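Listing of start-v9.cif, mmCIF, C-alpha atoms
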```cif
data_query
loop_
_atom_site.label_atom_id
_atom_site.label_comp_id
_atom_site.auth_asym_id
_atom_site.auth_seq_id
_atom_site.Cartn_x
_atom_site.Cartn_y
_atom_site.Cartn_z
CA MET D 48 109.73 90.73 84.30
CA THR D 49 111.56 93.11 82.00
CA PHE D 50 113.65 91.59 79.20
CA ARG D 51 115.87 93.43 76.74
CA ARG D 52 117.85 91.55 74.06
CA LEU D 53 117.69 88.28 75.92
CA THR D 54 120.83 86.32 75.08
CA TYR D 55 121.25 83.57 77.69
CA PHE D 56 119.13 81.61 80.13
CA GLN D 57 120.24 78.64 82.22
CA PHE D 58 117.83 76.62 84.32
CA LEU D 59 116.81 73.14 85.33
CA PRO D 60 113.53 71.98 83.70
CA LEU D 61 111.16 70.66 86.34
CA THR D 62 108.12 68.42 86.26
CA LEU D 63 105.96 69.23 89.26
CA LEU D 64 104.61 65.86 90.28
CA MET D 65 105.38 66.20 93.97
CA LEU D 66 102.97 66.91 96.82
CA PRO D 67 103.20 70.32 98.53
CA VAL D 68 105.62 70.42 101.43
CA THR D 69 104.62 71.73 104.83
CA VAL D 70 106.38 74.64 106.49
CA ALA D 71 106.44 74.32 110.25
CA PRO D 72 104.68 77.30 111.88
CA GLN D 73 107.13 79.77 113.38
CA ASN D 74 106.24 82.85 115.38
CA GLN D 75 102.50 82.51 114.64
CA VAL D 76 103.06 81.94 110.91
CA SER D 77 100.31 80.03 109.11
CA LEU D 78 100.01 78.81 105.54
CA SER D 79 97.35 79.25 102.89
CA SER D 80 96.23 76.13 101.04
CA LEU D 81 96.98 75.19 97.44
CA GLU D 82 93.28 75.57 96.61
CA GLU D 83 93.21 79.10 98.03
CA ILE D 84 96.23 80.07 95.94
CA LYS D 85 94.67 78.47 92.86
CA ALA D 86 91.41 80.41 93.29
CA ASP D 87 93.19 83.77 93.51
CA ILE D 88 95.32 83.00 90.46
CA GLN D 89 92.12 82.66 88.41
CA SER D 90 90.93 86.11 89.49
CA VAL D 91 93.61 87.89 87.45
CA PRO D 92 92.46 91.22 85.96
CA CYS D 93 93.56 91.41 82.32
CA LYS D 94 93.42 95.19 81.95
CA ASN D 95 96.23 97.31 83.32
CA GLN D 96 93.84 99.96 84.61
CA ASP D 97 92.19 97.37 86.87
CA ARG D 98 95.27 95.83 88.41
CA ARG D 99 96.16 98.31 91.14
CA GLN D 100 92.68 98.14 92.65
CA ALA D 101 92.65 94.36 92.26
CA ALA D 102 95.93 94.12 94.18
CA ILE D 103 94.47 96.29 96.96
CA ALA D 104 91.32 94.14 97.04
CA LEU D 105 93.42 90.98 97.33
CA PHE D 106 95.39 92.36 100.28
CA LYS D 107 92.10 93.24 101.98
CA LYS D 108 90.78 89.75 101.28
CA MET D 109 93.92 88.48 103.07
CA GLY D 110 93.03 90.55 106.14
CA ALA D 111 94.62 93.96 105.57
CA LEU D 112 92.64 96.84 107.03
CA ASP D 113 91.92 100.00 105.07
CA SER D 114 94.39 101.79 107.33
CA ASP D 115 97.09 99.21 106.52
CA VAL D 116 97.05 99.91 102.77
CA VAL D 117 98.77 103.01 101.40
CA VAL D 118 99.03 104.03 97.75
CA GLU D 119 102.34 105.89 97.58
CA LYS D 120 102.42 108.27 94.62
CA LEU D 121 105.94 109.16 93.55
CA ARG D 122 107.22 110.39 90.19
CA GLY D 123 104.10 109.41 88.31
CA VAL D 124 103.82 105.89 89.75
CA GLU D 125 101.42 104.42 92.30
CA ASN D 126 102.99 101.77 94.50
CA VAL D 127 100.70 99.87 96.89
CA ILE D 128 102.33 99.39 100.30
CA VAL D 129 101.08 97.31 103.21
CA ARG D 130 103.14 97.76 106.36
CA LYS D 131 103.58 95.13 109.07
CA GLN D 132 105.16 96.94 111.99
CA GLY D 133 108.03 95.19 113.70
CA ALA D 134 109.72 95.65 117.05
CA SER D 135 112.69 97.53 115.59
CA ALA D 136 113.43 100.21 113.00
CA GLU D 137 114.98 97.59 110.69
CA ILE D 138 113.09 96.90 107.47
CA ILE D 139 112.55 94.02 105.06
CA VAL D 140 110.88 94.75 101.72
CA ILE D 141 109.08 92.00 99.85
CA GLY D 142 107.55 93.01 96.55
CA ALA D 143 106.03 92.10 93.19
CA HIS D 144 105.00 94.32 90.30
CA TYR D 145 101.31 94.54 89.46
CA ASP D 146 101.53 96.10 86.00
CA LYS D 147 101.64 94.16 82.72
CA VAL D 148 102.66 94.66 79.11
CA VAL D 149 99.97 95.35 76.49
CA GLU D 150 99.92 91.79 75.17
CA GLY D 151 98.22 89.00 77.07
CA CYS D 152 96.62 88.90 80.49
CA GLY D 153 99.78 89.22 82.56
CA ALA D 154 98.76 86.13 84.51
CA ILE D 155 102.26 84.72 84.98
CA ASP D 156 104.01 88.08 84.63
CA ASN D 157 103.13 89.07 87.25
CA TRP D 158 99.75 88.30 88.79
CA THR D 159 101.36 85.16 90.21
CA GLY D 160 103.75 87.41 92.12
CA ILE D 161 100.90 89.55 93.47
CA VAL D 162 98.97 86.46 94.60
CA ALA D 163 102.05 85.06 96.34
CA LEU D 164 102.76 88.44 97.96
CA ALA D 165 99.23 88.83 99.33
CA HIS D 166 99.19 85.28 100.72
CA ILE D 167 102.60 85.84 102.35
CA PHE D 168 101.08 88.86 104.08
CA ARG D 169 98.19 86.67 105.25
CA SER D 170 100.66 84.10 106.59
CA VAL D 171 102.50 86.58 108.81
CA LYS D 172 99.80 89.12 109.69
CA GLN D 173 99.26 87.58 113.13
CA ALA D 174 102.98 87.32 113.85
CA THR D 175 105.10 89.75 115.83
CA PRO D 176 108.15 90.32 113.64
CA ASN D 177 111.48 91.67 114.81
CA LYS D 178 111.75 93.84 111.71
CA THR D 179 109.14 95.95 109.98
CA ILE D 180 107.99 94.24 106.78
CA LEU D 181 106.88 96.30 103.79
CA PHE D 182 104.73 94.41 101.30
CA VAL D 183 104.95 96.40 98.06
CA ALA D 184 103.01 95.98 94.82
CA PHE D 185 105.14 97.98 92.39
CA ASP D 186 103.75 100.04 89.55
CA HIS D 187 105.41 100.38 86.10
CA GLU D 188 108.01 97.61 86.38
CA GLU D 189 107.51 96.89 82.69
CA ASN D 190 108.37 100.49 81.87
CA GLY D 191 111.89 100.77 83.26
CA LEU D 192 111.40 99.61 86.86
CA ARG D 193 109.85 102.98 87.55
CA GLY D 194 107.92 101.93 90.65
CA SER D 195 110.84 100.35 92.51
CA ARG D 196 113.22 103.08 91.42
CA ALA D 197 110.86 105.76 92.70
CA MET D 198 110.67 103.97 96.05
CA THR D 199 114.42 103.49 96.46
CA GLU D 200 115.29 107.01 95.31
CA ALA D 201 112.92 108.39 97.96
CA ILE D 202 114.78 106.63 100.80
CA ASP D 203 116.83 109.12 102.78
CA LYS D 204 120.54 108.25 102.93
CA THR D 205 120.40 108.13 106.72
CA ASP D 206 117.67 105.46 106.53
CA LEU D 207 119.41 103.15 104.02
CA PRO D 208 121.24 101.15 106.76
CA HIS D 209 117.83 100.18 108.21
CA TYR D 210 116.88 98.36 104.99
CA CYS D 211 118.16 94.86 105.65
CA ALA D 212 116.97 93.02 102.52
CA MET D 213 114.56 93.06 99.59
CA VAL D 214 112.86 89.96 98.16
CA ASN D 215 111.29 90.30 94.71
CA VAL D 216 108.68 87.86 93.37
CA ASP D 217 108.37 87.86 89.59
CA SER D 218 106.74 85.33 87.26
CA LEU D 219 106.04 82.13 89.15
CA GLY D 220 103.80 79.48 87.63
CA LEU D 221 105.66 77.34 85.10
CA ALA D 222 108.23 75.41 87.15
CA GLY D 223 109.73 75.16 90.60
CA PRO D 224 111.16 78.28 92.28
CA GLN D 225 114.49 79.59 91.01
CA VAL D 226 116.75 82.51 91.84
CA LEU D 227 117.62 84.98 89.10
CA ASP D 228 121.35 85.24 89.71
CA ASN D 229 122.22 88.32 87.67
CA VAL D 230 119.79 90.55 89.59
CA SER D 231 120.35 89.02 93.04
CA SER D 232 122.81 89.45 95.90
CA HIS D 233 125.02 86.42 96.39
CA LYS D 234 124.31 85.91 100.10
CA LEU D 235 120.56 85.99 99.48
CA GLU D 236 120.98 83.45 96.68
CA ILE D 237 122.66 81.17 99.20
CA LEU D 238 119.81 81.76 101.67
CA ALA D 239 117.16 80.87 99.08
CA ALA D 240 118.95 77.65 98.15
CA ALA D 241 119.42 76.68 101.81
CA VAL D 242 115.75 77.27 102.65
CA ALA D 243 114.63 75.26 99.60
CA ASN D 244 116.92 72.41 100.65
CA ASP D 245 115.52 72.43 104.19
CA LEU D 246 111.96 72.33 102.83
CA LYS D 247 112.86 69.75 100.18
CA ILE D 248 111.52 72.04 97.45
CA PRO D 249 113.14 71.61 94.00
CA PHE D 250 115.27 74.68 93.40
CA THR D 251 117.88 75.92 90.96
CA HIS D 252 119.56 79.02 89.52
CA ALA D 253 118.91 81.02 86.36
CA SER D 254 120.75 83.83 84.65
CA VAL D 255 119.43 86.23 82.02
CA ASN D 256 121.83 88.61 80.34
CA VAL D 257 120.69 92.21 79.84
CA ALA D 258 117.51 91.80 81.88
CA ASP D 259 116.14 93.69 84.85
CA ALA D 260 113.84 93.13 87.79
CA ASP D 261 112.74 95.26 90.73
CA SER D 262 115.52 93.80 92.89
CA SER D 263 117.97 95.76 90.71
CA SER D 264 116.64 99.07 92.04
CA PHE D 265 117.47 98.02 95.61
CA MET D 266 120.88 96.60 94.74
CA ALA D 267 121.72 99.97 93.15
CA LYS D 268 121.24 101.46 96.63
CA LYS D 269 123.46 98.77 98.25
CA ILE D 270 120.43 97.04 99.76
CA PRO D 271 120.76 93.23 99.50
CA ALA D 272 118.08 91.92 97.14
CA VAL D 273 117.00 88.75 95.39
CA THR D 274 114.50 87.85 92.65
CA ILE D 275 112.63 84.54 92.82
CA HIS D 276 110.78 83.29 89.72
CA GLY D 277 109.35 80.03 88.38
CA LEU D 278 109.95 79.80 84.63
CA ASN D 279 110.70 76.85 82.36
CA THR D 280 111.71 76.19 78.74
CA ASN D 281 108.41 77.55 77.40
CA TRP D 282 108.71 80.97 79.02
CA MET D 283 109.65 82.82 75.80
CA ARG D 284 106.44 81.59 74.17
CA ILE D 285 104.35 82.96 77.03
CA LEU D 286 105.79 86.04 78.74
CA HIS D 287 105.09 89.35 76.99
CA THR D 288 102.81 87.61 74.49
CA SER D 289 99.09 86.97 74.08
CA ASN D 290 99.72 83.52 75.59
CA ASP D 291 100.24 84.89 79.11
CA GLN D 292 96.87 83.62 80.36
CA PRO D 293 95.65 81.92 83.57
CA SER D 294 95.36 78.62 81.70
CA GLN D 295 99.17 78.50 81.41
CA ILE D 296 99.74 78.61 85.17
CA ARG D 297 100.60 75.49 87.14
CA PRO D 298 99.21 76.32 90.59
CA LEU D 299 101.62 74.04 92.42
CA SER D 300 104.51 76.07 90.99
CA VAL D 301 103.06 79.21 92.57
CA TYR D 302 102.37 77.38 95.81
CA LEU D 303 105.93 76.05 96.11
CA GLY D 304 107.29 79.54 95.46
CA TYR D 305 104.95 80.95 98.09
CA GLN D 306 106.09 78.39 100.68
CA LEU D 307 109.75 79.10 99.94
CA LEU D 308 109.18 82.84 100.28
CA VAL D 309 107.35 82.56 103.62
CA SER D 310 110.26 80.63 105.10
CA MET D 311 112.81 83.03 103.61
CA LEU D 312 110.96 85.90 105.24
CA VAL D 313 111.02 84.14 108.62
CA ARG D 314 114.78 83.55 108.28
CA LEU D 315 115.45 87.16 107.28
CA ASP D 316 113.40 88.46 110.19
CA SER D 317 115.37 86.40 112.71
CA ALA D 318 118.82 87.24 111.27
CA SER D 319 120.89 90.31 112.01
CA CYS D 320 120.49 93.15 109.54
CA ALA D 321 124.14 92.81 108.55
CA ALA D 322 123.93 89.08 107.87
CA TYR D 323 123.27 89.35 104.14
CA ARG D 324 125.29 92.45 103.24
#
```
Could you write out this file's structure as structure tokens?
Amino acid sequence: MTFRRLTYFQFLPLTLLMLPVTVAPQNQVSLSSLEEIKADIQSVPCKNQDRRQAAIALFKKMGALDSDVVVEKLRGVENVIVRKQGASAEIIVIGAHYDKVVEGCGAIDNWTGIVALAHIFRSVKQATPNKTILFVAFDHEENGLRGSRAMTEAIDKTDLPHYCAMVNVDSLGLAGPQVLDNVSSHKLEILAAAVANDLKIPFTHASVNVADADSSSFMAKKIPAVTIHGLNTNWMRILHTSNDQPSQIRPLSVYLGYQLLVSMLVRLDSASCAAYR
């Protein structure tokens, strides 16, 4: 997550003492286990030069074929894209950035997002979606959202109406899932809260002034977008510091975020493309 002159943050502290909820399978959707999520969290590569290949390897571990994985090189960035073809030309993008700042291991920011993204792909890879789903591991988020901006700027104007929604996963691992209001579309915020309520997952809202996330690049193109994170009161002591290590991650936080995101994706796929504009 990219922060500049952070001046305000509002959230609900959460103690994760609850058991994982169960998402009912829909349209051949299946869930990974908490232990599987936990194991992949621990595999975080701590060097930036290793992270793109590690993200590709994780997608392949989740069942992606070599032909499914594309490294899209645009404007000096390398975004990893895994495409799940749908029945229509409509598109949902779900993404997380794989790069990190110099300090720390980038475990929370944002290997947790990459792990959640890959497991979401695994959950829906046997499904037959209505819309095409693009799973995107963005490059250079920490350097001005360059990966997501390169992707959105490459979309032809005639294709923009086909992009129904974008869901961004950034920095799970410290608390229950939350929506980052100031970089999210209002209707998608409402969707996230409704899904969390249905699943009985603790959920709240956060707002960070003068901050950015990859959802911002899509909102700039009038594509509805939302950022889901999982931070708590200790986040400033961890993110973008040497303390961003796997030992700081609470696996259940990542797992709850993953479950929320799977169900959000199912809802988005079944809704009309205009529903969240």
Starting from the PyMOL selection byres ((chain D and resi 201) around 12), expand the selection into actual residues of this file and give them as a PDB file with C-alpha atoms, in the frame of the given file.
```pdb
ATOM      1  CA  GLU D 119     102.340 105.890  97.580  1.00  0.00           C
ATOM      2  CA  LYS D 120     102.420 108.270  94.620  1.00  0.00           C
ATOM      3  CA  LEU D 121     105.940 109.160  93.550  1.00  0.00           C
ATOM      4  CA  ARG D 122     107.220 110.390  90.190  1.00  0.00           C
ATOM      5  CA  GLY D 194     107.920 101.930  90.650  1.00  0.00           C
ATOM      6  CA  SER D 195     110.840 100.350  92.510  1.00  0.00           C
ATOM      7  CA  ARG D 196     113.220 103.080  91.420  1.00  0.00           C
ATOM      8  CA  ALA D 197     110.860 105.760  92.700  1.00  0.00           C
ATOM      9  CA  MET D 198     110.670 103.970  96.050  1.00  0.00           C
ATOM     10  CA  THR D 199     114.420 103.490  96.460  1.00  0.00           C
ATOM     11  CA  GLU D 200     115.290 107.010  95.310  1.00  0.00           C
ATOM     12  CA  ILE D 202     114.780 106.630 100.800  1.00  0.00           C
ATOM     13  CA  ASP D 203     116.830 109.120 102.780  1.00  0.00           C
ATOM     14  CA  LYS D 204     120.540 108.250 102.930  1.00  0.00           C
ATOM     15  CA  THR D 205     120.400 108.130 106.720  1.00  0.00           C
ATOM     16  CA  ASP D 206     117.670 105.460 106.530  1.00  0.00           C
ATOM     17  CA  LEU D 207     119.410 103.150 104.020  1.00  0.00           C
ATOM     18  CA  SER D 264     116.640  99.070  92.040  1.00  0.00           C
ATOM     19  CA  PHE D 265     117.470  98.020  95.610  1.00  0.00           C
ATOM     20  CA  LYS D 268     121.240 101.460  96.630  1.00  0.00           C
TER      21      LYS D 268
END
```
**Q.** For segment 275-291 of chain D: contacts at 6 Å, all atoms listed in the file, fewer than 4 positions along chain excluded, given as a list in words
**A.** Pro60, Glu150, Gly151, Cys152, Gly153, Ala154, Val216, Asp217, Ser218, Leu219, Gly220, Leu221, Ala222, Gly223, Pro224, Gln225 and Val226 of chain D
Using only C-alpha atoms, which residues sit within 8 Å of segment 123-136 of chain D once same-chain residues fewer than 6 positions away are excluded, as a compact mmCIF listing (two decimals) with C-alpha atoms, keeping the file's coordinate frame?
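This went into selection.txt:
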```
# COMPACT_ATOMS: atom_id res chain seq x y z
CA ARG D 99 96.16 98.31 91.14
CA ALA D 102 95.93 94.12 94.18
CA ILE D 103 94.47 96.29 96.96
CA ALA D 111 94.62 93.96 105.57
CA ASP D 115 97.09 99.21 106.52
CA VAL D 116 97.05 99.91 102.77
CA VAL D 117 98.77 103.01 101.40
CA LYS D 172 99.80 89.12 109.69
CA THR D 175 105.10 89.75 115.83
CA PRO D 176 108.15 90.32 113.64
CA ASN D 177 111.48 91.67 114.81
CA LYS D 178 111.75 93.84 111.71
CA THR D 179 109.14 95.95 109.98
CA ILE D 180 107.99 94.24 106.78
CA LEU D 181 106.88 96.30 103.79
CA PHE D 182 104.73 94.41 101.30
CA VAL D 183 104.95 96.40 98.06
CA ALA D 184 103.01 95.98 94.82
CA PHE D 185 105.14 97.98 92.39
CA ASP D 186 103.75 100.04 89.55
CA HIS D 187 105.41 100.38 86.10
CA ARG D 193 109.85 102.98 87.55
CA GLY D 194 107.92 101.93 90.65
CA ALA D 197 110.86 105.76 92.70
CA HIS D 209 117.83 100.18 108.21
```
Q.
Show me, as an MDAnalysis selection string, the residues that have an atom within 10 Å of Arg314 of chain D when counting only C-alpha atoms, minus same-chain residues fewer than 5 positions from it.
A. chainID D and resid 73 238:239 242 308:309 319
Q) Which of these, D:Ala165, D:Leu235, D:Val118, D:Leu312, has the shortest distance to Ile138 of chain D once you count only C-alpha atoms? A)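 Of the candidates, the smallest distance to Ile138 of chain D is held by D:Leu312.
Minimum atom-to-atom distances from D:Asp113, D:Asp146, D:Glu137, D:Asp245 to Pro92 of chain D were compared using all atoms listed in the file, and the lowest value belongs to D:Asp146.
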Q | Atom pair atom CA of Met213 of chain D / atom CA of Ile141 of chain D: separation (Å) | A |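 If I compute the distance from atom CA of Met213 of chain D to atom CA of Ile141 of chain D, I get 5.6 Å.
Between atom CA of His166 of chain D and atom CA of Leu299 of chain D there is a distance of 14.2 Å.
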Q | One-decimal distance in Å that lies between atom CA of Tyr302 of chain D and atom CA of Glu83 of chain D | A | 9.6 Å
Q) Of the candidates D:Gly191, D:Pro208, D:Pro249, D:Gly160, which shows the shortest atom-to-atom distance to Ile139 of chain D, using only C-alpha atoms? A) D:Pro208
Padding 6 Å on every side, please: axis-aligned box over the listed atoms of segment 284-287 of chain D, centre and edge lengths to one decimal in Å, as AutoDock Vina command-line options.
```
--center_x 105.4 --center_y 85.5 --center_z 76.5 --size_x 14.1 --size_y 19.8 --size_z 16.6
```
Q: Report as an NGL selection string the full result of the PyMOL selection byres ((chain D and resi 260) around 8) when it is applied to this structure.
A: :D and (48-49 or 188 or 192 or 215 or 217 or 230 or 258-259 or 261-264 or 274)
Q. If you apply the PyMOL selection byres ((chain D and resi 322) around 10) to this file, what residues do you get, as a VMD selection string?
A. chain D and resid 211 to 212 234 to 235 271 315 318 to 321 323 to 324
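Minimum atom-to-atom distances from D:Val140, D:Leu227, D:Ile237, D:Ile88 to Ile155 of chain D were compared using only C-alpha atoms, and the lowest value belongs to D:Ile88.
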Q: For each of D:Val91, D:Val273, D:Ala253, D:Ala243, take the minimum atom-to-atom distance to Leu307 of chain D, counting all atoms listed in the file, then give the residue where this is smallest.
A: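 Looking only at the distances to Leu307 of chain D, the closest residue turns out to be D:Ala243.
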